[in-house]
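Following: one structure in structure tokens, then a few remarks.
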Number of protein chains: 2
Amino acid sequence: MMPESPIRKLVPYAEKAKKEGAKVIHLNIGQPDIKTPQIALDAVKNNTLSVLEYSRTEGSEVYREKLAEYYAKNDIHITAQDIIVTTGGSEALSFTMGSIADTDDEIIIPEPFYANYNGFATAMGIKVVPVVSQIVDNFALPPIEEFEKLITPKTRAILICNPGNPTGYLYSKDEIQKLAVIVKKHNLFLVADEVYREFTYDGKEHYSILQENGLDQHAIIVDSVSKRYSMCGARIGCLVSRNKEIIKTALKFAQARLSPPTYAQIASEAALETPQSYFDDVKEEYVERRNILMAELEKIEGIKIGRPQGAFYCIAELPIENSDDFAQWLLEEFRVNGETVMVAPASGFYASQGLGKNQIRIAYVLDKESLKRAVTILGEALKTYKG
Amino acid sequence: MMPESPIRKLVPYAEKAKKEGAKVIHLNIGQPDIKTPQIALDAVKNNTLSVLEYSRTEGSEVYREKLAEYYAKNDIHITAQDIIVTTGGSEALSFTMGSIADTDDEIIIPEPFYANYNGFATAMGIKVVPVVSQIVDNFALPPIEEFEKLITPKTRAILICNPGNPTGYLYSKDEIQKLAVIVKKHNLFLVADEVYREFTYDGKEHYSILQENGLDQHAIIVDSVSKRYSMCGARIGCLVSRNKEIIKTALKFAQARLSPPTYAQIASEAALETPQSYFDDVKEEYVERRNILMAELEKIEGIKIGRPQGAFYCIAELPIENSDDFAQWLLEEFRVNGETVMVAPASGFYASQGLGKNQIRIAYVLDKESLKRAVTILGEALKTYKG
């Protein structure tokens with residue numbers, strides 16, 4: 001059975017609230033408001049195609065060559081042959097799972113994790129085995145012994161998201177190296193969803209699993225242009241691995257769906273020329289938003305926060321029992337000057353039954369003023385909701 | 001194990017031939033040379049997006065409303081709520097399979113069939129059960145008793161492609177009604193890949209499974225803009241069903257991959273305004289190509305041809321033993337004035353071991369002169385190959 005998205009269940013309530021005239025501030029979605037680089041938008045506007053043909057199954061040759069250069073700039077040294085261009089990071093994930101696991105095989109994932117990992121695994125009959133990370137540690141890597149305990153003959157991989165959605169946690173080089181040891185010891189794959197690579201704060205640097213030596217046969221990264229260039233609607237991502245067998249198998253999945261979208265590859269190729277100043281500005285904006293969000297959240301009594309060092313999410317633990325009910329109540333009943341807030345209940349980010357029930361995920365992808373107002377509303381709501 | 005595409009195996013030989021200076025005429029591919037409607041190309045060039053956002057998971061509201069109007073014009077009466085916009089017909093197929101079948105369930109498909117049906121089924125652990133159609137009947141629907149024999153408690157659906165890739169066969173209303181009877185009797189789904197709906201010849205009309213009464217709970221169609229508007233690179237298709245449960249389940253698969261590509265939806269929505277004259281011209285072109293192809297093929301001694309009434313493919317049975325070897329030999333060794341031909345061996349379109357070994361699929365998606373020359377080369381090649 002395919003799981004239903006936890007946010008999706010709330011959509012009808014949000015729509016009703018809007019129909020009734022309420023303004024809903026969305027803390028729940030990962031769609032950045034940041035402008036797409038003009039160079040990418042222009043490339044599509046200026047395209048000269050007369051037949052909108054299939055591209056190559058693995059993505060256009062030129063785009064993959066340029067992607068390899070992008071990775072080299074990030075100290076990730078691979079070739080165009082190590083890349084399969086996919087329809088979003090989503091497809092890279094689904095190809096990865098299909099290539100490394102058969103029905104009933106297991107993949108260990110630190111929870112809370114991006115809910116769709118479960119969706120793709122379920123669609124393929126693969127079992128997600130969660131290992132719990134803790135809000136008090138900002139969702140750092142769980143002790144490596146906890147992973148060890150969960151490894152069975154059916155375990156095929158450990159999957160991480162770095163920096164993390166929904167946690168905002170950035171794994172350190174030391175943590176990546178601990179994972180490297182364990183995947184080599186047990187001959188597992190190490191899959192890293194690195195779509196938020198550029199979004200690291202407080203002077204911290206991202207350390208990719210493909211920067212770690214000795215992982216050539218183990219490491220697979222899932223990547224995407226969606227967040228990097230605020231191009232979520234392009235639906236372009238990629239799978240990168242130095243393991244030739246993985247690339248060969250993933251290519252068979254790619255062949256079945258023929259090719260990634262052509263227009264979006266034009267945009268994505270052009271986006272690689274985005275000037276550094278764009279990223280500097282975007283990062284500065286996100287840091288400010290995060291700081292405002294943290295400062296405002298800390299004013300709320302009884303709240304616990306996982307402090308994010310990357311991406312643009314954080315998990316907050318609220319002094320309530322059930323965030324599904326609370327999120328629904330916000331949309332159905334609570335208003336401050338005609339406004340309310342939509343949050344993502346965190347239970348959907350956990351595979352372990354019962355965990356995360358008093359947590360929510362907040363995405364800080366909206367302007368600072370709205371963000372500040374949203375947290376104020378959240379604080380007021382908690383006062384009312386509690387008593 | 002994901003199967004490898006039969007054409008794909010030949011690609012290195014084609015590349016080698018080209019490197020050696022040979023001109024390769026492609027009879028093997030389904031990428032039409034027809035121009036994409038200008039109105040669709042212009043819509044993308046004139047788009048005014050500044051943030052390339054996710055679209056709705058099920059596709060944009062406006063596009064689905066307009067799609068419903070397109071279907072109404074084709075005497076298929078459905079609503080926007082019966083449609084999920086997908087990333088190509090490929091994804092519509094994969095969502096359909098995931099929604100109707102679990103691991104080890106069975107889907108009956110007349111063979112030869114589009115090779116990727118097998119790819120998607122394999123990826124999901126679903127078993128394809130073939131029922132043989134014959135070249136002497138132009139690949140008409142096999143006797144309904146043959147289907148009956150194959151139905152087990154694990155059978156979930158019958159899947160047809162109408163008009164057919166790779167056969168070019170157009171199922172009659174009578175044949176669709178026979179299928180309707182059997183799916184109702186055994187409570188199965190009837191899935192029709194109708195991506196070639198517009199391409200019907202000799203005055204014959206397409207009869208959709210959604211035009212047949214009483215199939216609301218059974219019928220699911222898989223559709224795509226790829227061939228209709230020569231927009232293969234857009235990667236936009238859709239799944240259509242009046243069965244609410246199917247739509248609800250398919251939507252969960254859709255949520256996992258977030259949204260279909262935004263630019264391509266702009267093109268696809270605009271393409272719906274393509275004037276009828278475009279289709280008339282395209283159809284006329286294909287009929288002429290088909291007639292030339294048939295006339296030229298009939299000159300070849302010992303050949304059998306399935307006469308196509310739709311789509312732009314036909315299967316030819318050659319006086320040889322193994323078309324995989326023959327196709328490879330064409331690329332490696334045979335030249336006429338520096339030219340050779342690439343054909344698709346038909347064995348990949350059969351699930352039954354050993355069938356189709358002396359057959360090839362020819363796609364008539366290239367200009368008439370090249371088509372004529374290609375068949376002449378094929379004829380010459382067969383003379384040489386035989387002796």
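Simple scheme: letters A, B, ... for chains in structure tokens order, numbers from 1 for residues in each chain, numbers from 1 for ligands in the order shown.
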Task: In stretch 150-319 of chain A, DSSP helix (DSSP H, G or I) residues written as a PyMOL selection string - done: chain A and resi 150+173-185+209-211+244-256+262-271+276-298
Write to file, as a short mmCIF file (atom, residue, chain, number, x, y, z; two decimals), in the first residue's frame, the residues of the selection just made, with C-alpha atoms.
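Wrote it out as selection-v1.cif, contents follow:
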data_model
loop_
_atom_site.label_atom_id
_atom_site.label_comp_id
_atom_site.auth_asym_id
_atom_site.auth_seq_id
_atom_site.Cartn_x
_atom_site.Cartn_y
_atom_site.Cartn_z
CA LEU A 150 19.80 -3.26 12.35
CA LYS A 173 33.20 14.67 7.61
CA ASP A 174 33.69 12.53 10.69
CA GLU A 175 30.12 11.22 10.51
CA ILE A 176 30.46 10.44 6.79
CA GLN A 177 33.67 8.54 7.54
CA LYS A 178 31.93 6.49 10.21
CA LEU A 179 29.30 5.56 7.64
CA ALA A 180 32.03 4.73 5.12
CA VAL A 181 33.56 2.25 7.55
CA ILE A 182 30.31 0.46 8.21
CA VAL A 183 29.20 0.20 4.55
CA LYS A 184 32.61 -1.19 3.59
CA LYS A 185 32.57 -3.64 6.49
CA ILE A 209 30.17 10.82 0.16
CA LEU A 210 31.88 11.03 -3.25
CA GLN A 211 34.74 13.00 -1.65
CA LYS A 244 29.76 0.92 -13.30
CA GLU A 245 27.33 -1.88 -12.50
CA ILE A 246 24.99 0.53 -10.75
CA ILE A 247 25.08 2.92 -13.69
CA LYS A 248 24.42 0.05 -16.09
CA THR A 249 21.44 -1.19 -14.09
CA ALA A 250 20.02 2.28 -13.49
CA LEU A 251 20.27 2.89 -17.22
CA LYS A 252 17.84 0.05 -17.83
CA PHE A 253 15.29 1.77 -15.60
CA ALA A 254 16.04 4.98 -17.48
CA GLN A 255 15.47 3.28 -20.83
CA ALA A 256 11.99 2.18 -19.79
CA THR A 262 14.08 18.30 -22.96
CA TYR A 263 13.12 21.90 -22.09
CA ALA A 264 14.13 21.35 -18.50
CA GLN A 265 17.56 20.11 -19.58
CA ILE A 266 18.02 23.33 -21.56
CA ALA A 267 17.23 25.30 -18.41
CA SER A 268 19.41 23.10 -16.22
CA GLU A 269 22.41 23.28 -18.53
CA ALA A 270 22.17 27.08 -18.63
CA ALA A 271 21.70 27.23 -14.86
CA GLN A 276 28.43 32.80 -7.58
CA SER A 277 26.83 36.04 -6.42
CA TYR A 278 23.40 34.41 -6.89
CA PHE A 279 24.28 31.67 -4.41
CA ASP A 280 25.89 34.11 -2.00
CA ASP A 281 22.73 36.22 -1.99
CA VAL A 282 20.48 33.20 -1.60
CA LYS A 283 22.55 31.79 1.23
CA GLU A 284 22.58 35.12 3.03
CA GLU A 285 18.81 35.31 2.68
CA TYR A 286 18.34 31.82 4.10
CA VAL A 287 20.68 32.48 7.01
CA GLU A 288 18.71 35.59 7.91
CA ARG A 289 15.46 33.71 7.64
CA ARG A 290 16.78 30.90 9.78
CA ASN A 291 18.02 33.32 12.40
CA ILE A 292 14.67 35.10 12.54
CA LEU A 293 12.86 31.77 12.67
CA MET A 294 15.05 30.49 15.52
CA ALA A 295 14.76 33.74 17.49
CA GLU A 296 10.99 33.79 17.12
CA LEU A 297 10.52 30.11 17.87
CA GLU A 298 12.63 30.42 21.04
#
Go through chain A residue by residue and, counting only C-alpha atoms, keep those with an atom at most 8 Å from chain B; for each kept residue give the shortest atom pair and its distance in Å to one decimal, ordered by chain and increasing number, as a Markdown table.
| residue | atom | partner | partner_atom | distance |
| --- | --- | --- | --- | --- |
| A:Met2 | CA | B:Lys252 | CA | 6.3 |
| A:Pro3 | CA | B:Lys252 | CA | 7.0 |
| A:Glu4 | CA | B:Lys252 | CA | 6.0 |
| A:Ser5 | CA | B:Gln255 | CA | 7.2 |
| A:Gln31 | CA | B:Glu53 | CA | 6.8 |
| A:Asp33 | CA | B:Val51 | CA | 7.2 |
| A:Ile34 | CA | B:Val51 | CA | 7.0 |
| A:Lys35 | CA | B:Val51 | CA | 5.0 |
| A:Thr36 | CA | B:Val51 | CA | 5.0 |
| A:Gln38 | CA | B:Ser50 | CA | 7.8 |
| A:Leu41 | CA | B:Ser50 | CA | 7.3 |
| A:Val44 | CA | B:Lys45 | CA | 6.6 |
| A:Lys45 | CA | B:Lys45 | CA | 4.1 |
| A:Asn46 | CA | B:Lys45 | CA | 6.4 |
| A:Asn47 | CA | B:Lys45 | CA | 7.0 |
| A:Leu49 | CA | B:Leu41 | CA | 7.7 |
| A:Ser50 | CA | B:Lys35 | CA | 5.9 |
| A:Val51 | CA | B:Lys35 | CA | 5.0 |
| A:Leu52 | CA | B:Met231 | CA | 4.8 |
| A:Glu53 | CA | B:Gly233 | CA | 4.5 |
| A:Tyr54 | CA | B:Gly233 | CA | 4.0 |
| A:Ser55 | CA | B:Gly233 | CA | 6.3 |
| A:Gly88 | CA | B:Arg257 | CA | 7.8 |
| A:Ser90 | CA | B:Arg257 | CA | 5.3 |
| A:Glu91 | CA | B:Arg257 | CA | 7.1 |
| A:Gly98 | CA | B:Ala123 | CA | 6.9 |
| A:Thr103 | CA | B:Gly125 | CA | 7.5 |
| A:Asn116 | CA | B:Ala256 | CA | 5.2 |
| A:Gly119 | CA | B:Ala256 | CA | 5.7 |
| A:Phe120 | CA | B:Ala256 | CA | 6.7 |
| A:Ala123 | CA | B:Gly98 | CA | 6.9 |
| A:Met124 | CA | B:Met124 | CA | 5.5 |
| A:Gly125 | CA | B:Thr103 | CA | 7.5 |
| A:Ser230 | CA | B:Val51 | CA | 6.8 |
| A:Met231 | CA | B:Leu52 | CA | 4.8 |
| A:Cys232 | CA | B:Tyr54 | CA | 5.2 |
| A:Gly233 | CA | B:Tyr54 | CA | 4.0 |
| A:Ala234 | CA | B:Pro261 | CA | 5.4 |
| A:Arg235 | CA | B:Pro261 | CA | 5.4 |
| A:Thr249 | CA | B:Met2 | CA | 7.5 |
| A:Lys252 | CA | B:Glu4 | CA | 6.0 |
| A:Phe253 | CA | B:Met2 | CA | 7.0 |
| A:Gln255 | CA | B:Ser5 | CA | 7.2 |
| A:Ala256 | CA | B:Asn116 | CA | 5.2 |
| A:Arg257 | CA | B:Ser90 | CA | 5.3 |
| A:Leu258 | CA | B:Ser90 | CA | 7.8 |
| A:Ser259 | CA | B:Gly233 | CA | 7.3 |
| A:Pro260 | CA | B:Arg235 | CA | 7.2 |
| A:Pro261 | CA | B:Ala234 | CA | 5.4 |
| A:Thr262 | CA | B:Gly233 | CA | 5.0 |
| A:Tyr263 | CA | B:Tyr263 | CA | 6.7 |
| A:Ala264 | CA | B:Tyr263 | CA | 7.1 |
Restricting the output to N, CA and C atoms, write the selected residues as a short mmCIF file (atom, residue, chain, number, x, y, z; two decimals), in the first residue's frame.
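Written file, out-v3.cif:
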data_model
loop_
_atom_site.label_atom_id
_atom_site.label_comp_id
_atom_site.auth_asym_id
_atom_site.auth_seq_id
_atom_site.Cartn_x
_atom_site.Cartn_y
_atom_site.Cartn_z
N MET A 2 0.65 2.12 -0.98
CA MET A 2 1.39 3.38 -1.01
C MET A 2 0.92 4.25 0.15
N PRO A 3 1.87 4.82 0.93
CA PRO A 3 1.46 5.71 2.03
C PRO A 3 0.95 7.04 1.48
N GLU A 4 0.05 7.67 2.24
CA GLU A 4 -0.41 9.00 1.82
C GLU A 4 0.46 10.05 2.48
N SER A 5 0.78 11.09 1.71
CA SER A 5 1.59 12.18 2.23
C SER A 5 0.87 12.84 3.40
N GLN A 31 8.77 24.58 -1.57
CA GLN A 31 8.87 25.34 -2.81
C GLN A 31 9.43 26.72 -2.47
N ASP A 33 10.61 30.56 -2.65
CA ASP A 33 10.09 31.75 -3.33
C ASP A 33 11.19 32.46 -4.11
N ILE A 34 12.43 31.98 -3.97
CA ILE A 34 13.60 32.59 -4.62
C ILE A 34 13.45 32.56 -6.14
N LYS A 35 13.87 33.63 -6.78
CA LYS A 35 13.78 33.71 -8.24
C LYS A 35 14.74 32.70 -8.89
N THR A 36 14.28 32.07 -9.96
CA THR A 36 15.13 31.18 -10.75
C THR A 36 16.19 32.04 -11.46
N GLN A 38 18.12 34.06 -13.99
CA GLN A 38 17.63 34.58 -15.27
C GLN A 38 18.24 33.83 -16.45
N LEU A 41 16.12 30.81 -17.20
CA LEU A 41 14.82 31.18 -17.78
C LEU A 41 15.00 31.62 -19.23
N VAL A 44 15.55 28.92 -22.02
CA VAL A 44 14.34 28.27 -22.50
C VAL A 44 13.57 29.22 -23.42
N LYS A 45 13.49 30.49 -23.03
CA LYS A 45 12.77 31.46 -23.86
C LYS A 45 13.43 31.61 -25.24
N ASN A 46 14.74 31.45 -25.27
CA ASN A 46 15.47 31.64 -26.53
C ASN A 46 15.77 30.34 -27.26
N ASN A 47 15.16 29.26 -26.85
CA ASN A 47 15.46 27.99 -27.51
C ASN A 47 14.97 28.03 -28.96
N LEU A 49 14.28 25.10 -30.87
CA LEU A 49 13.81 23.78 -31.29
C LEU A 49 12.64 23.90 -32.26
N SER A 50 12.61 23.05 -33.26
CA SER A 50 11.41 22.98 -34.10
C SER A 50 10.72 21.62 -33.94
N VAL A 51 11.49 20.63 -33.54
CA VAL A 51 10.91 19.35 -33.14
C VAL A 51 11.37 19.08 -31.71
N LEU A 52 10.39 18.94 -30.81
CA LEU A 52 10.72 18.70 -29.40
C LEU A 52 11.01 17.22 -29.22
N GLU A 53 12.24 16.83 -29.53
CA GLU A 53 12.61 15.41 -29.57
C GLU A 53 12.98 14.86 -28.19
N TYR A 54 12.93 13.52 -28.11
CA TYR A 54 13.53 12.83 -26.97
C TYR A 54 14.97 13.28 -26.83
N SER A 55 15.45 13.38 -25.61
CA SER A 55 16.89 13.53 -25.43
C SER A 55 17.47 12.12 -25.28
N GLY A 88 13.95 14.80 -12.12
CA GLY A 88 13.92 15.19 -10.71
C GLY A 88 14.79 14.27 -9.86
N SER A 90 13.60 12.84 -7.47
CA SER A 90 12.67 11.74 -7.21
C SER A 90 13.01 10.51 -8.04
N GLU A 91 13.22 10.74 -9.32
CA GLU A 91 13.49 9.61 -10.20
C GLU A 91 14.87 9.02 -9.92
N GLY A 98 15.66 0.84 -7.13
CA GLY A 98 15.46 -0.29 -8.04
C GLY A 98 16.76 -1.00 -8.39
N THR A 103 12.71 -6.96 -4.12
CA THR A 103 11.58 -7.04 -3.22
C THR A 103 12.01 -7.64 -1.88
N ASN A 116 8.93 10.85 1.15
CA ASN A 116 8.81 10.11 -0.10
C ASN A 116 9.81 8.95 -0.24
N GLY A 119 7.67 6.27 0.20
CA GLY A 119 6.80 6.08 -0.97
C GLY A 119 7.49 5.27 -2.05
N PHE A 120 8.71 5.65 -2.40
CA PHE A 120 9.42 4.93 -3.46
C PHE A 120 9.74 3.50 -3.04
N ALA A 123 6.60 1.45 -3.25
CA ALA A 123 6.23 1.16 -4.64
C ALA A 123 7.03 -0.01 -5.19
N MET A 124 8.24 -0.22 -4.66
CA MET A 124 9.09 -1.29 -5.17
C MET A 124 9.16 -2.49 -4.24
N GLY A 125 8.39 -2.46 -3.18
CA GLY A 125 8.38 -3.61 -2.27
C GLY A 125 9.62 -3.70 -1.40
N SER A 230 16.27 27.06 -7.53
CA SER A 230 14.84 27.35 -7.41
C SER A 230 14.12 27.00 -8.70
N MET A 231 14.32 25.75 -9.13
CA MET A 231 13.74 25.26 -10.38
C MET A 231 12.98 23.95 -10.14
N CYS A 232 12.16 23.95 -9.10
CA CYS A 232 11.46 22.72 -8.72
C CYS A 232 10.60 22.16 -9.85
N GLY A 233 10.05 23.09 -10.65
CA GLY A 233 9.16 22.65 -11.73
C GLY A 233 9.87 22.11 -12.96
N ALA A 234 11.21 22.23 -12.99
CA ALA A 234 11.95 21.70 -14.14
C ALA A 234 11.81 20.18 -14.19
N ARG A 235 11.96 19.56 -13.03
CA ARG A 235 12.03 18.11 -12.88
C ARG A 235 13.28 17.54 -13.54
N THR A 249 22.78 -0.75 -14.49
CA THR A 249 21.44 -1.19 -14.09
C THR A 249 20.46 -0.01 -14.08
N LYS A 252 18.97 0.85 -17.35
CA LYS A 252 17.84 0.05 -17.83
C LYS A 252 16.51 0.64 -17.35
N PHE A 253 16.50 1.10 -16.10
CA PHE A 253 15.29 1.77 -15.60
C PHE A 253 15.06 3.04 -16.42
N GLN A 255 15.94 3.62 -19.48
CA GLN A 255 15.47 3.28 -20.83
C GLN A 255 13.96 3.07 -20.86
N ALA A 256 13.43 2.46 -19.81
CA ALA A 256 11.99 2.18 -19.79
C ALA A 256 11.17 3.47 -19.84
N ARG A 257 11.71 4.55 -19.28
CA ARG A 257 10.94 5.80 -19.32
C ARG A 257 11.45 6.75 -20.41
N LEU A 258 12.30 6.23 -21.26
CA LEU A 258 12.77 6.89 -22.49
C LEU A 258 13.76 8.02 -22.27
N SER A 259 13.31 9.18 -21.75
CA SER A 259 14.27 10.28 -21.57
C SER A 259 13.78 11.28 -20.56
N PRO A 260 14.70 12.06 -19.98
CA PRO A 260 14.28 13.17 -19.11
C PRO A 260 13.77 14.32 -19.98
N PRO A 261 13.00 15.27 -19.39
CA PRO A 261 12.38 16.32 -20.20
C PRO A 261 13.40 17.24 -20.87
N THR A 262 13.14 17.55 -22.12
CA THR A 262 14.08 18.30 -22.96
C THR A 262 14.18 19.77 -22.57
N TYR A 263 13.07 20.47 -22.46
CA TYR A 263 13.12 21.90 -22.09
C TYR A 263 13.86 22.09 -20.76
N ALA A 264 13.55 21.22 -19.83
CA ALA A 264 14.13 21.35 -18.50
C ALA A 264 15.64 21.12 -18.53
#
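Atom CA of B:Val222 to atom CA of B:Gly237 spans 7.5 Å [interatomic distance, one decimal].
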If DSSP is run on the backbone, what residues of stretch 146-364 of chain B are strand (DSSP E or B)? A reply as an NGL selection string would be ideal.
:B and (155-161 or 189-193 or 200 or 219-224 or 237-241 or 304-305 or 310 or 313-317 or 336 or 339-342 or 344-345 or 359-363)
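Between atom CA of B:Gly348 and atom CA of B:Arg335 there is a distance of 25.1 Å.
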Nearest to B:Ala140, restricted to only C-alpha atoms and choosing among B:Arg64, B:Lys372, B:His206, B:Arg307, comes out as B:Arg307
With distances taken over only C-alpha atoms, the candidate from A:Ala121, A:Ile25, A:Ile135, A:Val365 nearest A:Ile303 is A:Ile135
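Using only C-alpha atoms for every distance, the candidate list B:Asn358, B:Thr152, B:Thr96, B:Thr57 yields B:Thr96 as the residue closest to B:Leu239.
Once B:Phe312 and its same-chain neighbours fewer than 4 positions away are set aside, Gly168, Ala363, Tyr364 and Val365 of chain B remain within 7 Å of it when counting only C-alpha atoms.
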Note to self: With only C-alpha atoms as the counted atoms, please give the residues lying no more than 10 Å from B:Glu205, apart from itself and same-chain residues fewer than 4 positions off, as a ChimeraX atom specification.
What the structure shows: /B:170-173,197-201,309-310
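Interatomic distance, atom CA of B:Tyr169 against atom CA of B:Ile315: 10.0 Å.
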*May I have the residues within 10 Å of A:Pro153 as a VMD selection string, using only C-alpha atoms and disregarding those fewer than 4 positions away in the same chain?*
chain A and resid 105 to 106 186
For A:Glu146, list every protein, DNA or RNA residue within 12 Å, evaluated using only C-alpha atoms, and leave out those in the same chain fewer than 2 positions away; present the list as a CSV table (one decimal) with N, CA, C and O atoms, in the first residue's frame.
chain,number,residue,atom,x,y,z
A,108,ILE,N,18.4,1.0,5.4
A,108,ILE,CA,18.4,1.7,6.7
A,108,ILE,C,18.5,3.2,6.5
A,108,ILE,O,19.3,3.7,5.8
A,109,ILE,N,17.5,3.9,7.1
A,109,ILE,CA,17.5,5.4,7.0
A,109,ILE,C,17.3,6.0,8.4
A,109,ILE,O,16.4,5.7,9.1
A,110,PRO,N,18.2,7.0,8.7
A,110,PRO,CA,18.0,7.7,9.9
A,110,PRO,C,16.7,8.5,9.8
A,110,PRO,O,16.4,9.1,8.8
A,129,VAL,N,14.0,0.5,7.0
A,129,VAL,CA,14.4,0.2,8.4
A,129,VAL,C,14.9,1.5,9.0
A,129,VAL,O,16.0,2.0,8.7
A,130,PRO,N,14.1,2.1,10.0
A,130,PRO,CA,14.5,3.4,10.5
A,130,PRO,C,15.5,3.2,11.7
A,130,PRO,O,15.4,2.3,12.4
A,131,VAL,N,16.4,4.2,11.8
A,131,VAL,CA,17.3,4.3,13.0
A,131,VAL,C,17.0,5.7,13.5
A,131,VAL,O,17.1,6.7,12.7
A,132,VAL,N,16.7,5.8,14.8
A,132,VAL,CA,16.2,7.1,15.3
A,132,VAL,C,17.3,8.1,15.6
A,132,VAL,O,18.3,7.8,16.2
A,133,SER,N,17.1,9.3,15.0
A,133,SER,CA,18.0,10.4,15.5
A,133,SER,C,17.2,11.4,16.3
A,133,SER,O,16.0,11.4,16.3
A,141,LEU,N,24.0,12.2,13.4
A,141,LEU,CA,24.1,10.8,13.1
A,141,LEU,C,23.9,9.9,14.3
A,141,LEU,O,24.6,10.1,15.3
A,142,PRO,N,22.9,9.0,14.4
A,142,PRO,CA,22.8,8.1,15.5
A,142,PRO,C,24.1,7.3,15.7
A,142,PRO,O,24.9,7.2,14.8
A,143,PRO,N,24.4,6.9,16.9
A,143,PRO,CA,25.6,6.1,17.2
A,143,PRO,C,25.7,4.9,16.2
A,143,PRO,O,24.6,4.3,15.9
A,144,ILE,N,26.9,4.7,15.7
A,144,ILE,CA,27.0,3.7,14.6
A,144,ILE,C,26.6,2.3,15.1
A,144,ILE,O,26.2,1.4,14.3
A,148,GLU,N,24.6,-0.9,13.3
A,148,GLU,CA,25.0,-2.3,13.3
A,148,GLU,C,23.9,-3.2,13.7
A,148,GLU,O,23.8,-4.3,13.1
A,149,LYS,N,23.2,-2.8,14.7
A,149,LYS,CA,22.2,-3.7,15.3
A,149,LYS,C,21.1,-4.0,14.3
A,149,LYS,O,20.4,-5.0,14.4
A,150,LEU,N,20.9,-3.1,13.3
A,150,LEU,CA,19.8,-3.3,12.4
A,150,LEU,C,20.2,-4.0,11.1
A,150,LEU,O,19.3,-4.3,10.2
A,151,ILE,N,21.5,-4.2,10.9
A,151,ILE,CA,21.9,-4.9,9.6
A,151,ILE,C,21.6,-6.3,9.6
A,151,ILE,O,21.9,-7.0,10.6
A,179,LEU,N,30.2,6.3,8.5
A,179,LEU,CA,29.3,5.6,7.6
A,179,LEU,C,30.1,4.8,6.6
A,179,LEU,O,29.7,3.7,6.2
A,182,ILE,N,31.3,1.5,8.0
A,182,ILE,CA,30.3,0.5,8.2
A,182,ILE,C,29.8,-0.1,6.9
A,182,ILE,O,29.6,-1.3,6.7
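Proximity of A:Asn187, A:Gln359, A:Asn162, A:Thr155 to A:Gly306, computed with only C-alpha atoms, is greatest for A:Gln359.
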- prompt: Which residues come within 12 Å of stretch 317-322 of chain B, counting only C-alpha atoms, excluding same-chain residues fewer than 3 positions away, as a PyMOL selection string?
  reply: chain B and resi 134-136+138+167+297-298+300-307+314+325-329+343-347+354-362+378-379+381-387
